[in-house]
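**Q** One structure, as structure tokens, below. Some questions next.
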Amino acid sequence: RAEALDTLIDIERNKKLSHIAIGETLMRHQFEKKSDRAFYTRLCEGVTERKIYLDYILDTYSKTPMRKCKPLIRSLLRMGAYQILFMDVRDAAACSEAVSLAKKRGFGRLSGFVNGVLRTIVREKDRLPVPDKKEFDKYLSITYSVPEWLSRLMIDQYGAQTAETMFASFLEARPLTIRTNLSVITSEALEEELKKDGVSVERGNYLPYALTISHLNYLGKLAAFRQGKFAVQDESSQLAVEVADINEGDFVLDVCAAPGGKTFHAADRLHGTGKVLSRDLTEDLIEENKDRMCYENVEVQQWDALVEDESLLESVDVLLADLPCSGLGIMGRKNDIKYQMTQQQLSELAQLQRDILSVIWRYVKPGGEMIFSTCTLNRGENVENIRWIEENTPMRLVSIEDYLPETLKGRTGSQGYLQLIPGKDSCDGFFISKFERPEAR
């Protein structure tokens with residue numbers, strides 16, 4: 001609990017991304033008991049993802065609004081309330097530990113306040129206030145801890161029912177999805193090896209080489225991970241490469257590649273032939289994964305996608321353009337995206353995509369293709385930019401229908417692109433489209 005308190009304060013005070021702050025602590029305590037690490041992770045992630053709802057409950061029973069509380073006291077109250085409402089923790093332990101931490105951190109004079117608020121929640125937890133559905137945007141905002149502007153945006157774009165389905169899914173626990181490195185092992189052999197190491201393994205929902213894993217301590221302990229037999233990659237991201245028409249000997253360019261999931265998936269599809277050029281502003285994560293995955297047909301470069309490289313003009317067979325976006329489709333995995341994103345940033349990111357697209361489409365050779373994808377649900381960053389590509393480049397939108405697994409067929413409509421929806425689909429929210437550059441006449 002003390003470590004969780006420090007992490008939550010770090011996230012709030014220093015605006016540090018939660019997965020980074022949590023990861024740093026877990027690395028320092030990598031040899032601690034699995035149960036302790038799991039408790040810490042659950043507490044930090046849970047408080048972060050349900051922050052708006054927790055403050056709604058706490059404000060009901062506290063004379064001082066959460067926004068006016070000192071950061072340490074606010075984090076302590078959120079931690080206590082989360083344990084009481086969402087974890088299998090004795091109520092008395094949640095209260096007493098919060099009081100003890102308040103005293104240890106020099107806030108003994110406020111320990112009674114902390115104790116009083118939390119014990120009131122314990123007494124009232126079977127009759128907690130419920131937000132009014134008549135104002136449905138506010139109801140979604142409080143119930144699922146999303147900013148009101150975001151709940152309104154998703155209602156406008158997808159309708160009230162689908163918006164609620166999405167937000168509810170982000171609060172559900174989900175296993176880790178991996179992609180088998182078919183260059184070195186079959187998915188069946190990988191599954192057997194992981195199970196021998198005590199990992200729970202299930203088959204993927206859409207692709208034969210995808211697996212989901214759970215009940216592991218951390219990845220670095222698994223020999224199969226260290227030996228590059230699999231990569232962590234959601235099936236939605238895997239589908240973006242699955243629909244690409246990658247053939248042996250092709251030259252593939254991944255323009256915004258970090259951490260390299262699609263880069264190495266493409267390399268796997270080349271079966272040791274051809275080449276994948278993997279570029280990003282920072283190449284450290286890609287290089288790290290390259291060393292582990294041991295693909296010899298991958299070259300990693302630091303490069304700004306906004307800067308044209310004349311040497312690549314009309315040379316690329318397959319361009320992977322999974323461009324910077326708001327990440328609204330992966331809020332279930334990165335649970336503080338929703339708090340850091342703004343409407344202004346959505347517009348800026350859509351424009352950034354257009355600026356990048358205006359440069360990179362020129363790399364595609366006549367007859368070659370571009371996969372344009374994002375991990376967002378915001379139509380301004382995907383559907384509207386499809387229209388921009390059609391109006392401002394010679395690239396021609398083509399259907400990905402024939403490349404999809406059977407369970408996803410019939411979803412692409414007349415335009416041939418796919419929007420994966422959390423809660424409706426068994427993966428992250430993801431958008432995938434495909435363009436071809438016409439042959440010269």
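For the structure tokens, the naming scheme is as follows: chains receive sequential letters (A, B, ...) according to their order of presentation, residues are indexed from 1 within each chain, and ligands are indexed from 1 in presentation order.
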Compile the contact shell of Val364 in chain A as a count of residues only: residues with an atom at most 6 Å away, counting only C-alpha atoms, same-chain residues fewer than 5 positions apart removed.

**A** 3

**Q** Show which residues sit within 12 Å of Lys63 in chain A, as a PyMOL selection string. Count only C-alpha atoms, and ignore same-chain residues fewer than 3 positions away.

**A** chain A and resi 58-60+66-69+113-114+116-117

**Q** Neighbours of Lys262 in chain A within 9 Å (only C-alpha atoms; same-chain residues fewer than 4 positions away dropped), as an MDAnalysis selection string?

**A** chainID A and resid 233 237:238 240:241 254 257:258 266:267 320 322

**Q** Set the distance at 8 Å and use only C-alpha atoms: which residues neighbour Leu43 in chain A once local chain neighbours fewer than 2 positions away are removed? I'd like the list as a compact mmCIF listing (two decimals) with N, CA and C atoms, in the first residue's frame.

**A**
# COMPACT_ATOMS: atom_id res chain seq x y z
N ALA A 4 2.08 1.73 -3.46
CA ALA A 4 0.98 2.18 -4.31
C ALA A 4 0.70 3.67 -4.07
N PHE A 39 -1.15 -7.43 -5.98
CA PHE A 39 -1.95 -6.52 -5.16
C PHE A 39 -1.60 -5.07 -5.48
N TYR A 40 -0.30 -4.79 -5.54
CA TYR A 40 0.16 -3.43 -5.86
C TYR A 40 -0.36 -2.98 -7.22
N THR A 41 -0.22 -3.85 -8.22
CA THR A 41 -0.63 -3.50 -9.58
C THR A 41 -2.13 -3.25 -9.65
N GLU A 45 -3.62 0.39 -10.70
CA GLU A 45 -4.40 0.46 -11.95
C GLU A 45 -5.87 0.73 -11.65
N GLY A 46 -6.40 0.09 -10.61
CA GLY A 46 -7.81 0.27 -10.30
C GLY A 46 -8.15 1.68 -9.87
N VAL A 47 -7.34 2.26 -8.99
CA VAL A 47 -7.57 3.64 -8.56
C VAL A 47 -7.47 4.59 -9.74
N MET A 79 -7.49 5.14 -2.57
CA MET A 79 -7.01 3.77 -2.34
C MET A 79 -7.93 3.02 -1.39
N TYR A 82 -11.31 2.31 -3.08
CA TYR A 82 -11.22 1.26 -4.11
C TYR A 82 -11.15 -0.12 -3.47
N GLN A 83 -10.38 -0.26 -2.41
CA GLN A 83 -10.29 -1.55 -1.72
C GLN A 83 -11.64 -1.97 -1.15

**Q** Which residue is closest to Leu140 in chain A? Choose from A:Ala21, A:Ala168, A:Leu270, A:Val383 and count only C-alpha atoms.

**A**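 Of A:Ala21, A:Ala168, A:Leu270, A:Val383, the one nearest Leu140 in chain A is A:Ala168, counting only C-alpha atoms.
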
**Q** Going by DSSP on the backbone, which bits of range 343-419 of chain A are alpha helix (DSSP H)? Write them as number ranges by chain, please.

**A** A: 343-360, 383-392
